[in-house]
Amino acid sequence: MSALLDIDDLHLAIGGTPVLRGVSLQVGAGRIVGLVGESGAGKSLVGRVILGLEPEGARVTGGKVVFDGRDLIALGGDDHAALLGRDIALVPQNPMTALNPVARIEPQITDVLRQHLGLRHGAARARALELLDRVHIREPARVLRQFPHELSGGMRQRILIAIAFACRPRLVIADEPTTALDVTVQRQILRLLKDLQAAHDTAVLFITHDLGVVAKICDEVAVMHGGRILEAGATADLFREPAHAYTRALFAATPRHDRPDEIPAPIPEALSQLLVAEAQALDARRAMRTKR
């Protein structure tokens, strides 16, 4: 059976500089796939290409992003945009800034329901109340009347998750959704995401730098550096026996709660330099092929 999302040899450049170099990744229906790596590895860029939200000056220079049999790269802007919120949704990185600060919570949820599901005002409001209750927000009717600044970071993130799952999308891009939250709230948000994913059999691409999070909720994981995926596989297998030197170094650099006396080791400079040199060599070879 083919994957719900199939990224094949994706290349992207910003201002002529390659930043994604042949990314290939699959996300099966109902699976949670982690995309992990250091800051600047290109993880969030992959998510933005899927969503059709590439930064200004970015251009896809090769490859395909196939969702449910359709190449998103080849789709027109309107056709791609029509999928967002309905079939593909986003849980963004920073709940403190992701919601519209001058709009109450109610229209930020109900507009999605009215646009994509065609619900009228009363039905959309009833569904919004149901969604807030589903993400364990107390007094949902009161919260619908509030503005984002009146809510905590954890409550804002729950609302963003409610919006993402509002139309029961087939794929959710979760872009470091717990980064701005404290540890206790992080745990609650991860449990909530996992529960909603399981309830709706939703595929999730979970973008993170946190290997501990990957170990908790991801079925599979891909390790990224310098715009390339260096290693991918089942989470349990990759954690038990990582094949790539960078993956092993990433594990060694990560603090572990089960080994509190173990001092994390920085990623060796020589390894980083080697990976950069490999990426530059790939860029040079691709440039030569393009000129022919």
# chains A, B, ... in the order shown; residues from 1 in each chain; ligands from 1
call {"tool": "residues_around", "arguments": {"residues": "region 224-241 of chain A", "least_positions_apart": "5", "cutoff": "8 Å", "atoms": "only C-alpha atoms", "output": "list in words"}}
result
Val19, Leu20, Arg21, Gly22, Val23, Ser24, Leu35, Val36, Gly37, Glu38, Gly40, Ala41, Gly42, Lys43, Val214, Ala215, Cys218, Asp219, Tyr246, Thr247, Leu275, Val276 and Ala279 of chain A
call {"tool": "write_last_selection", "arguments": {"atoms": "all heavy atoms", "output": "short mmCIF file (atom, residue, chain, number, x, y, z; two decimals), in the first residue's frame"}}
result
data_model
loop_
_atom_site.label_atom_id
_atom_site.label_comp_id
_atom_site.auth_asym_id
_atom_site.auth_seq_id
_atom_site.Cartn_x
_atom_site.Cartn_y
_atom_site.Cartn_z
N VAL A 19 19.12 24.42 0.05
CA VAL A 19 18.87 24.23 1.48
C VAL A 19 18.20 22.89 1.77
O VAL A 19 18.32 22.37 2.88
CB VAL A 19 18.04 25.39 2.07
CG1 VAL A 19 18.87 26.65 2.18
CG2 VAL A 19 16.79 25.66 1.25
N LEU A 20 17.48 22.33 0.80
CA LEU A 20 17.00 20.95 0.90
C LEU A 20 17.65 20.18 -0.24
O LEU A 20 17.58 20.60 -1.40
CB LEU A 20 15.48 20.87 0.80
CG LEU A 20 14.67 21.51 1.93
CD1 LEU A 20 13.18 21.33 1.70
CD2 LEU A 20 15.08 20.95 3.29
N ARG A 21 18.26 19.05 0.10
CA ARG A 21 19.09 18.33 -0.86
C ARG A 21 18.63 16.88 -1.00
O ARG A 21 19.12 15.98 -0.33
CB ARG A 21 20.56 18.36 -0.41
CG ARG A 21 21.15 19.77 -0.26
CD ARG A 21 22.54 19.72 0.35
NE ARG A 21 23.25 20.98 0.24
CZ ARG A 21 23.27 21.91 1.19
NH1 ARG A 21 22.62 21.69 2.34
NH2 ARG A 21 23.96 23.02 1.01
N GLY A 22 17.64 16.68 -1.83
CA GLY A 22 17.21 15.32 -2.12
C GLY A 22 16.49 14.63 -0.99
O GLY A 22 16.72 13.44 -0.74
N VAL A 23 15.61 15.35 -0.30
CA VAL A 23 14.87 14.77 0.83
C VAL A 23 13.84 13.77 0.32
O VAL A 23 13.03 14.08 -0.55
CB VAL A 23 14.17 15.88 1.64
CG1 VAL A 23 13.25 15.27 2.70
CG2 VAL A 23 15.21 16.79 2.29
N SER A 24 13.87 12.56 0.86
CA SER A 24 12.87 11.54 0.57
C SER A 24 12.33 11.01 1.89
O SER A 24 13.10 10.66 2.79
CB SER A 24 13.47 10.39 -0.25
OG SER A 24 13.85 10.84 -1.54
N LEU A 35 10.62 13.83 12.45
CA LEU A 35 11.70 14.41 11.64
C LEU A 35 12.56 15.19 12.61
O LEU A 35 12.15 16.23 13.14
CB LEU A 35 11.13 15.30 10.54
CG LEU A 35 12.13 15.87 9.52
CD1 LEU A 35 12.90 14.74 8.82
CD2 LEU A 35 11.41 16.72 8.49
N VAL A 36 13.77 14.69 12.87
CA VAL A 36 14.58 15.21 13.96
C VAL A 36 15.93 15.68 13.44
O VAL A 36 16.46 15.16 12.46
CB VAL A 36 14.74 14.13 15.06
CG1 VAL A 36 15.56 12.95 14.57
CG2 VAL A 36 15.36 14.70 16.33
N GLY A 37 16.49 16.66 14.12
CA GLY A 37 17.80 17.17 13.77
C GLY A 37 18.05 18.49 14.48
O GLY A 37 17.16 19.04 15.14
N GLU A 38 19.26 19.01 14.33
CA GLU A 38 19.61 20.27 14.97
C GLU A 38 18.87 21.43 14.31
O GLU A 38 18.32 21.31 13.21
CB GLU A 38 21.12 20.51 14.85
CG GLU A 38 21.99 19.48 15.53
CD GLU A 38 23.45 19.70 15.20
OE1 GLU A 38 24.09 20.51 15.90
OE2 GLU A 38 23.96 19.07 14.25
N GLY A 40 18.31 24.47 12.04
CA GLY A 40 18.92 24.76 10.76
C GLY A 40 19.07 23.57 9.85
O GLY A 40 19.58 23.70 8.73
N ALA A 41 18.62 22.40 10.29
CA ALA A 41 18.77 21.20 9.47
C ALA A 41 17.84 21.21 8.26
O ALA A 41 18.09 20.49 7.28
CB ALA A 41 18.50 19.95 10.32
N GLY A 42 16.77 21.99 8.32
CA GLY A 42 15.80 22.03 7.22
C GLY A 42 14.48 21.36 7.54
O GLY A 42 13.63 21.22 6.66
N LYS A 43 14.29 20.97 8.79
CA LYS A 43 13.08 20.23 9.17
C LYS A 43 11.81 21.03 8.90
O LYS A 43 10.88 20.55 8.26
CB LYS A 43 13.15 19.87 10.67
CG LYS A 43 14.40 19.15 11.11
CD LYS A 43 14.36 18.77 12.57
CE LYS A 43 14.19 19.94 13.52
NZ LYS A 43 15.33 20.90 13.49
N VAL A 214 10.51 12.06 20.41
CA VAL A 214 10.43 11.06 19.33
C VAL A 214 10.26 9.66 19.93
O VAL A 214 9.44 8.87 19.47
CB VAL A 214 11.69 11.13 18.46
CG1 VAL A 214 11.75 9.95 17.50
CG2 VAL A 214 11.72 12.44 17.67
N ALA A 215 11.05 9.37 20.95
CA ALA A 215 10.99 8.05 21.56
C ALA A 215 9.62 7.76 22.15
O ALA A 215 9.17 6.61 22.16
CB ALA A 215 12.07 7.93 22.65
N CYS A 218 6.61 8.56 18.41
CA CYS A 218 6.76 8.33 16.97
C CYS A 218 6.91 6.85 16.63
O CYS A 218 7.65 6.12 17.29
CB CYS A 218 7.97 9.10 16.43
SG CYS A 218 7.76 10.90 16.52
N ASP A 219 6.23 6.44 15.57
CA ASP A 219 6.38 5.08 15.06
C ASP A 219 7.68 4.92 14.27
O ASP A 219 8.33 3.89 14.34
CB ASP A 219 5.20 4.73 14.14
CG ASP A 219 3.86 4.86 14.84
OD1 ASP A 219 3.68 4.17 15.86
OD2 ASP A 219 3.02 5.64 14.38
N TYR A 246 26.42 10.44 12.57
CA TYR A 246 25.77 11.66 13.07
C TYR A 246 24.64 11.31 14.04
O TYR A 246 24.46 11.98 15.06
CB TYR A 246 25.22 12.49 11.91
CG TYR A 246 24.43 13.69 12.38
CD1 TYR A 246 25.09 14.80 12.92
CD2 TYR A 246 23.04 13.70 12.34
CE1 TYR A 246 24.37 15.89 13.37
CE2 TYR A 246 22.32 14.79 12.78
CZ TYR A 246 22.99 15.88 13.30
OH TYR A 246 22.27 16.96 13.76
N THR A 247 23.87 10.27 13.73
CA THR A 247 22.79 9.86 14.63
C THR A 247 23.37 9.45 15.98
O THR A 247 22.85 9.82 17.04
CB THR A 247 22.00 8.68 14.02
OG1 THR A 247 21.58 9.02 12.71
CG2 THR A 247 20.78 8.36 14.86
N LEU A 275 30.21 16.42 7.13
CA LEU A 275 28.85 16.47 6.60
C LEU A 275 28.65 17.70 5.71
O LEU A 275 27.97 17.62 4.67
CB LEU A 275 27.84 16.48 7.75
CG LEU A 275 27.77 15.19 8.58
CD1 LEU A 275 26.88 15.39 9.79
CD2 LEU A 275 27.26 14.04 7.73
N VAL A 276 29.22 18.82 6.10
CA VAL A 276 29.14 20.03 5.27
C VAL A 276 29.84 19.79 3.94
O VAL A 276 29.34 20.16 2.86
CB VAL A 276 29.75 21.24 6.00
CG1 VAL A 276 29.90 22.43 5.05
CG2 VAL A 276 28.89 21.63 7.19
N ALA A 279 27.71 17.67 1.70
CA ALA A 279 26.60 18.43 1.15
C ALA A 279 27.07 19.33 0.00
O ALA A 279 26.40 19.44 -1.04
CB ALA A 279 25.94 19.28 2.24
#
call {"tool": "residues_around", "arguments": {"residues": "region 44-57 of chain A", "least_positions_apart": "4", "cutoff": "8 Å", "atoms": "only C-alpha atoms", "output": "list in words"}}
result
Ile14, Gly15, Leu20, Val65, Leu72, Ile73, Gly77, His80, Ala81, Leu84, Ile88, Ile173, Asp175 and Ile207 of chain A
call {"tool": "residues_around", "arguments": {"residues": "region 187-195 of chain A", "least_positions_apart": "3", "cutoff": "10 Å", "atoms": "only C-alpha atoms", "output": "ChimeraX atom specification"}}
result
/A:32,91,134-136,154-155,157-158,161-162,165,174,177-178,181-184,198-202,204,213,216-218
call {"tool": "select_by_dssp", "arguments": {"residues": "region 96-278 of chain A", "states": "strand (DSSP E)", "output": "list in words"}}
result
Leu171, Val172, Ile173, Ala174, Asp175, Ala203, Val204, Leu205, Phe206, Ile207, Thr208, Glu220, Val221, Ala222, Val223, Met224, His225, Arg228, Ile229, Leu230, Glu231, Ala232, Gly233 and Ala234 of chain A
call {"tool": "select_by_dssp", "arguments": {"residues": "region 58-170 of chain A", "states": "alpha helix (DSSP H)", "output": "ChimeraX atom specification"}}
result
/A:77-83,95-98,105-117,121-134,140-144,153-164
call {"tool": "residues_around", "arguments": {"residues": "Thr290 (chain A)", "least_positions_apart": "4", "cutoff": "12 Å", "atoms": "only C-alpha atoms", "output": "list in words"}}
result
Thr61, Gly62, Asp283, Ala284, Arg285 and Arg286 of chain A
call {"tool": "atom_distance", "arguments": {"atom1": "CA of Asp6 (chain A)", "atom2": "CA of Ala243 (chain A)"}}
result
23.0 Å
call {"tool": "decode", "arguments": {"residues": "region 142-158 of chain A", "atoms": "all heavy atoms", "output": "compact mmCIF listing (two decimals), in the first residue's frame"}}
result
# COMPACT_ATOMS: atom_id res chain seq x y z
N ARG A 142 -16.83 30.11 28.03
CA ARG A 142 -16.13 31.33 28.46
C ARG A 142 -14.88 31.55 27.61
O ARG A 142 -14.59 32.67 27.19
CB ARG A 142 -15.74 31.21 29.94
CG ARG A 142 -14.92 32.40 30.45
CD ARG A 142 -14.57 32.24 31.92
NE ARG A 142 -13.79 31.03 32.16
CZ ARG A 142 -12.47 30.96 31.97
NH1 ARG A 142 -11.79 32.00 31.53
NH2 ARG A 142 -11.83 29.83 32.22
N VAL A 143 -14.15 30.47 27.34
CA VAL A 143 -12.91 30.58 26.57
C VAL A 143 -13.19 31.08 25.16
O VAL A 143 -12.41 31.86 24.60
CB VAL A 143 -12.17 29.23 26.56
CG1 VAL A 143 -10.99 29.26 25.58
CG2 VAL A 143 -11.67 28.90 27.96
N LEU A 144 -14.30 30.66 24.56
CA LEU A 144 -14.64 31.14 23.21
C LEU A 144 -14.76 32.66 23.16
O LEU A 144 -14.49 33.28 22.13
CB LEU A 144 -15.94 30.51 22.74
CG LEU A 144 -15.91 29.06 22.28
CD1 LEU A 144 -17.29 28.63 21.80
CD2 LEU A 144 -14.88 28.82 21.19
N ARG A 145 -15.15 33.28 24.28
CA ARG A 145 -15.33 34.74 24.30
C ARG A 145 -14.03 35.49 24.58
O ARG A 145 -13.98 36.71 24.46
CB ARG A 145 -16.37 35.12 25.37
CG ARG A 145 -17.76 34.56 25.12
CD ARG A 145 -18.77 35.21 26.05
NE ARG A 145 -18.49 34.92 27.46
CZ ARG A 145 -18.97 33.87 28.12
NH1 ARG A 145 -19.75 32.99 27.49
NH2 ARG A 145 -18.67 33.68 29.39
N GLN A 146 -12.98 34.76 24.94
CA GLN A 146 -11.74 35.41 25.35
C GLN A 146 -10.82 35.68 24.17
O GLN A 146 -10.96 35.12 23.08
CB GLN A 146 -11.03 34.55 26.40
CG GLN A 146 -11.76 34.49 27.73
CD GLN A 146 -11.01 33.70 28.77
OE1 GLN A 146 -10.78 32.51 28.61
NE2 GLN A 146 -10.62 34.38 29.85
N PHE A 147 -9.84 36.57 24.44
CA PHE A 147 -8.77 36.85 23.48
C PHE A 147 -7.54 36.02 23.85
O PHE A 147 -7.39 35.62 25.02
CB PHE A 147 -8.41 38.34 23.51
CG PHE A 147 -9.46 39.23 22.92
CD1 PHE A 147 -10.43 39.81 23.73
CD2 PHE A 147 -9.48 39.51 21.56
CE1 PHE A 147 -11.41 40.64 23.19
CE2 PHE A 147 -10.44 40.33 21.01
CZ PHE A 147 -11.41 40.89 21.83
N PRO A 148 -6.65 35.75 22.91
CA PRO A 148 -5.48 34.92 23.21
C PRO A 148 -4.65 35.39 24.40
O PRO A 148 -4.15 34.56 25.19
CB PRO A 148 -4.67 34.98 21.91
CG PRO A 148 -5.71 35.15 20.84
CD PRO A 148 -6.74 36.05 21.46
N HIS A 149 -4.51 36.72 24.59
CA HIS A 149 -3.65 37.21 25.67
C HIS A 149 -4.22 36.88 27.06
O HIS A 149 -3.51 36.97 28.06
CB HIS A 149 -3.42 38.72 25.55
CG HIS A 149 -4.61 39.55 25.91
ND1 HIS A 149 -5.54 39.97 24.97
CD2 HIS A 149 -5.05 40.05 27.11
CE1 HIS A 149 -6.47 40.68 25.58
NE2 HIS A 149 -6.21 40.74 26.87
N GLU A 150 -5.48 36.48 27.11
CA GLU A 150 -6.10 36.13 28.39
C GLU A 150 -5.87 34.67 28.76
O GLU A 150 -6.32 34.24 29.82
CB GLU A 150 -7.60 36.41 28.32
CG GLU A 150 -7.95 37.87 28.06
CD GLU A 150 -9.44 38.11 27.94
OE1 GLU A 150 -9.99 37.90 26.83
OE2 GLU A 150 -10.05 38.50 28.95
N LEU A 151 -5.18 33.93 27.91
CA LEU A 151 -5.01 32.50 28.11
C LEU A 151 -3.53 32.16 28.30
O LEU A 151 -2.64 32.84 27.79
CB LEU A 151 -5.56 31.73 26.90
CG LEU A 151 -7.01 32.03 26.52
CD1 LEU A 151 -7.36 31.32 25.22
CD2 LEU A 151 -7.96 31.63 27.64
N SER A 152 -3.28 31.06 29.00
CA SER A 152 -1.91 30.59 29.19
C SER A 152 -1.36 29.97 27.90
O SER A 152 -2.12 29.67 26.97
CB SER A 152 -1.86 29.55 30.30
OG SER A 152 -2.52 28.35 29.88
N GLY A 153 -0.05 29.76 27.87
CA GLY A 153 0.56 29.11 26.70
C GLY A 153 0.02 27.72 26.46
O GLY A 153 -0.22 27.33 25.31
N GLY A 154 -0.19 26.98 27.52
CA GLY A 154 -0.73 25.62 27.37
C GLY A 154 -2.14 25.63 26.81
O GLY A 154 -2.49 24.79 25.97
N MET A 155 -2.97 26.58 27.26
CA MET A 155 -4.35 26.67 26.75
C MET A 155 -4.33 27.09 25.28
O MET A 155 -5.10 26.57 24.46
CB MET A 155 -5.16 27.66 27.58
CG MET A 155 -5.49 27.16 28.97
SD MET A 155 -6.48 28.33 29.91
CE MET A 155 -8.07 28.20 29.09
N ARG A 156 -3.45 28.01 24.92
CA ARG A 156 -3.35 28.43 23.52
C ARG A 156 -2.94 27.26 22.62
O ARG A 156 -3.46 27.10 21.52
CB ARG A 156 -2.35 29.57 23.36
CG ARG A 156 -2.76 30.85 24.04
CD ARG A 156 -1.81 31.99 23.69
NE ARG A 156 -1.67 32.91 24.80
CZ ARG A 156 -0.99 34.05 24.75
NH1 ARG A 156 -0.40 34.40 23.63
NH2 ARG A 156 -0.90 34.84 25.80
N GLN A 157 -2.00 26.45 23.11
CA GLN A 157 -1.58 25.32 22.30
C GLN A 157 -2.71 24.30 22.15
O GLN A 157 -2.87 23.69 21.09
CB GLN A 157 -0.33 24.66 22.90
CG GLN A 157 0.35 23.66 21.98
CD GLN A 157 0.86 24.28 20.69
OE1 GLN A 157 0.09 24.65 19.82
NE2 GLN A 157 2.17 24.40 20.58
N ARG A 158 -3.49 24.10 23.20
CA ARG A 158 -4.65 23.21 23.09
C ARG A 158 -5.65 23.73 22.05
O ARG A 158 -6.23 22.94 21.30
CB ARG A 158 -5.33 23.07 24.45
CG ARG A 158 -4.52 22.28 25.48
CD ARG A 158 -5.16 22.33 26.85
NE ARG A 158 -4.32 21.69 27.83
CZ ARG A 158 -4.32 20.39 28.12
NH1 ARG A 158 -5.18 19.59 27.48
NH2 ARG A 158 -3.52 19.87 29.01
